[in-house]
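Structure file entry-v8.cif; described as mmCIF, C-alpha atoms.
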data_coords
loop_
_atom_site.label_atom_id
_atom_site.label_comp_id
_atom_site.auth_asym_id
_atom_site.auth_seq_id
_atom_site.Cartn_x
_atom_site.Cartn_y
_atom_site.Cartn_z
CA MET A 897 77.97 38.56 -2.32
CA SER A 898 80.73 40.17 -0.29
CA ALA A 899 82.75 38.92 2.63
CA THR A 900 84.69 40.73 5.33
CA PHE A 901 87.93 39.41 6.80
CA ALA A 902 89.41 40.22 10.20
CA SER A 903 92.28 38.86 12.24
CA ILE A 904 91.55 37.26 15.59
CA ASP A 905 93.83 37.94 18.56
CA LYS A 906 95.62 35.12 20.38
CA GLU A 907 93.20 35.03 23.34
CA ASP A 908 90.20 34.60 21.03
CA CYS A 909 92.09 31.90 19.11
CA LEU A 910 92.69 30.01 22.36
CA LYS A 911 89.00 30.30 23.29
CA LEU A 912 88.06 28.87 19.89
CA LEU A 913 90.49 25.99 20.35
CA ASP A 914 88.76 25.18 23.63
CA GLU A 915 85.40 24.99 21.79
CA ILE A 916 86.46 23.13 18.65
CA ALA A 917 87.25 19.41 18.98
CA PHE A 918 87.97 18.48 15.38
CA GLY A 919 90.31 19.89 12.74
CA ASN A 920 92.87 18.85 10.20
CA ILE A 921 96.59 18.29 10.25
CA VAL A 922 98.05 19.74 7.08
CA VAL A 923 101.29 18.01 6.17
CA ARG A 924 103.42 20.23 3.95
CA ASN A 925 105.22 18.31 1.24
CA ASP A 926 107.34 19.21 -1.77
CA GLY A 927 104.29 18.47 -3.90
CA PRO A 928 100.65 18.71 -2.80
CA SER A 929 100.03 18.83 0.94
CA ASN A 930 98.22 16.00 2.71
CA ILE A 931 95.21 16.86 4.85
CA LEU A 932 94.49 14.43 7.69
CA PRO A 933 91.45 14.53 10.01
CA ALA A 934 92.31 15.03 13.68
CA PHE A 935 90.53 15.19 17.02
CA PHE A 936 92.31 17.47 19.47
CA VAL A 937 92.18 19.17 22.85
CA ARG A 938 94.24 22.03 24.26
CA GLU A 939 96.07 21.69 27.57
CA GLY A 940 97.79 24.96 28.42
CA SER A 941 100.17 25.86 25.59
CA LYS A 942 100.05 22.41 24.02
CA ILE A 943 97.64 20.51 21.80
CA PHE A 944 97.11 16.77 22.23
CA GLY A 945 95.38 14.91 19.48
CA LEU A 946 94.62 11.84 17.48
CA MET A 947 94.60 11.53 13.71
CA LEU A 948 93.80 8.69 11.38
CA VAL A 949 96.39 8.15 8.69
CA ALA A 950 96.13 5.88 5.66
CA SER A 951 99.12 3.57 5.71
CA GLY A 952 100.16 4.84 2.25
CA ASP A 953 100.46 8.39 3.68
CA MET A 954 102.55 7.38 6.69
CA GLN A 955 105.94 8.52 5.47
CA GLY A 956 105.00 12.17 4.94
CA ALA A 957 102.64 12.25 7.90
CA MET A 958 105.30 11.01 10.28
CA ASP A 959 107.46 14.11 9.88
CA PRO A 960 106.00 16.38 12.60
CA ASP A 961 108.19 19.30 11.44
CA ARG A 962 105.88 19.54 8.42
CA TRP A 963 102.62 19.70 10.38
CA ARG A 964 100.16 22.57 10.81
CA LEU A 965 96.88 22.18 12.70
CA VAL A 966 93.93 23.94 11.11
CA ALA A 967 90.73 24.24 13.14
CA ASN A 968 87.62 25.96 11.89
CA GLU A 969 84.05 26.54 12.92
CA ILE A 970 81.04 28.27 11.42
CA LYS A 971 78.82 30.27 13.77
CA GLY A 972 75.89 31.96 12.05
CA ASP A 973 77.29 33.99 9.17
CA GLN A 974 80.87 33.88 10.49
CA TRP A 975 83.59 31.38 9.71
CA TYR A 976 86.42 31.18 12.25
CA LEU A 977 89.76 29.74 11.22
CA VAL A 978 92.72 29.06 13.54
CA VAL A 979 96.11 27.86 12.30
CA ILE A 980 98.72 26.48 14.70
CA SER A 981 102.31 25.44 14.25
CA GLY A 982 105.05 24.50 16.63
CA PRO A 983 107.29 21.63 17.62
CA SER A 984 105.27 18.43 17.30
CA GLN A 985 105.74 14.87 18.37
CA GLN A 986 103.95 11.67 17.52
CA PHE A 987 103.41 8.94 20.12
CA PRO A 988 103.92 5.57 18.42
CA VAL A 989 102.30 2.42 19.79
CA THR A 990 105.37 1.38 21.77
CA GLU A 991 106.11 0.91 25.45
CA ALA A 992 108.29 4.05 25.39
CA PHE A 993 105.26 6.25 24.56
CA LYS A 994 102.61 4.40 26.55
CA GLY A 995 102.30 7.22 29.11
CA GLU A 996 102.01 9.97 26.49
CA ARG A 997 99.37 8.03 24.54
CA ALA A 998 97.40 7.40 27.74
CA HIS A 999 97.56 11.10 28.66
CA ALA A 1000 96.41 12.21 25.21
CA TRP A 1001 93.58 9.66 25.25
CA ARG A 1002 92.44 10.75 28.74
CA LEU A 1003 92.25 14.39 27.59
CA LEU A 1004 90.37 13.43 24.43
CA GLN A 1005 87.91 11.36 26.47
CA GLU A 1006 87.21 14.36 28.72
CA ARG A 1007 86.47 16.43 25.60
CA ASN A 1008 84.32 13.75 23.95
CA PRO A 1009 82.13 12.13 26.63
CA CYS A 1010 80.97 9.35 24.28
CA TRP A 1011 84.51 7.92 24.54
CA LYS A 1012 84.56 7.76 28.36
CA GLY A 1013 85.43 4.35 29.72
CA LYS A 1014 86.49 3.04 26.32
CA LYS A 1015 89.90 2.03 25.11
CA LEU A 1016 91.53 3.86 22.23
CA ASP A 1017 91.60 0.68 20.14
CA ASP A 1018 87.88 0.08 20.78
CA VAL A 1019 86.89 3.52 19.50
CA PHE A 1020 89.26 3.53 16.56
CA SER A 1021 89.42 -0.08 15.49
CA VAL A 1022 91.30 0.68 12.33
CA SER A 1023 92.11 -1.70 9.55
CA LYS A 1024 95.56 -2.45 8.21
CA LYS A 1025 94.94 0.40 5.74
CA GLU A 1026 94.76 3.00 8.52
CA VAL A 1027 96.78 3.89 11.60
CA ALA A 1028 95.59 5.91 14.62
CA VAL A 1029 98.37 8.35 15.55
CA CYS A 1030 98.43 10.20 18.89
CA PHE A 1031 100.42 13.42 18.88
CA SER A 1032 101.23 16.67 20.65
CA MET A 1033 101.98 20.12 19.26
CA TRP A 1034 103.27 23.20 21.08
CA LEU A 1035 101.40 26.43 20.39
CA ASP A 1036 104.46 28.36 19.20
CA GLU A 1037 102.68 30.14 16.37
CA ILE A 1038 98.96 30.79 16.31
CA SER A 1039 96.94 32.92 13.97
CA GLY A 1040 93.23 33.27 13.45
CA TYR A 1041 90.75 34.86 11.12
CA ARG A 1042 87.06 35.64 11.10
CA ILE A 1043 85.33 35.72 7.75
CA GLU A 1044 81.82 37.10 7.67
CA SER A 1045 79.51 36.38 4.75
CA GLN A 1046 75.92 35.44 4.14
CA LEU A 1047 77.31 32.38 2.35
CA PHE A 1048 77.93 30.80 5.76
CA GLN A 1049 74.40 31.18 7.06
CA ARG A 1050 72.68 27.93 7.74
CA LEU A 1051 69.87 27.04 5.39
CA PRO A 1052 66.48 26.66 7.06
CA ASP A 1053 65.33 23.12 7.77
CA PRO A 1054 62.83 21.84 5.17
#

Kindly return the structure encoded in the file as structure tokens.
Amino acid sequence: MSATFASIDKEDCLKLLDEIAFGNIVVRNDGPSNILPAFFVREGSKIFGLMLVASGDMQGAMDPDRWRLVANEIKGDQWYLVVISGPSQQFPVTEAFKGERAHAWRLLQERNPCWKGKKLDDVFSVSKKEVAVCFSMWLDEISGYRIESQLFQRLPDP
């Protein structure tokens, strides 16, 4: 079974980012990279998001210079993949970053209506083994690809 690959221009990448609400932060390390689930929303040329990090992965995950956001979506027989990198910043749970965390959470609530009217800690009541990390990332570099293959077609419901 064959597949065709094509690049996606920046405008189409931005449209996809406005449709996709979930992706992964890939943290580049000297060894294997960590892949962390992340909810995100685009505001202009910046991404705001929230990722859940296991406390054992905190050290590598807390170096935003190593982050890449990967968002993907399958539509019919096409898989769309968008990769973003740029200066990133985490918003720790401190008074100094209270405004940034509130802004990120407000944007995420607008994107995910089931979170409206809820507090961040109520939605992500994490244990001591996990930490909810709010972050931002500038869209300095963006690339996208469309991969078309019958492999991506949805199977019929039984």

Subject >> Polymer residues at most 7 Å from Ala1028 of chain A, only C-alpha atoms, same-chain spacing of 5 or more positions, as a VMD selection string >> reply: chain A and resid 946 to 949

**OP:** Grab the atom CA of Gly1013 of chain A to atom CA of Gly919 of chain A distance for me, in Å with one decimal place.
**Re:**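 Computing it gives 23.5 Å between the two atoms.
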
Original post:
So which residues touch segment 900-905 of chain A within 6 Å, counting all atoms listed in the file, skipping near sequence neighbours fewer than 6 positions away, as a list in words?
Top reply: Gly1040, Tyr1041, Arg1042, Ile1043 and Glu1044 of chain A

**OP:** Using the chain letters and residue numbers of this document, give as a count of residues only the residues selected by the PyMOL selection byres ((chain A and resi 999-1007) around 7).
**Re:** 14

**OP:** Determine the residue set returned by the PyMOL selection byres ((chain A and resi 975-991) around 7) for the present structure, and present it as a ChimeraX atom specification.
**Re:** /A:909,960-961,963-971,973-974,992-994,996-997,1029-1044,1048
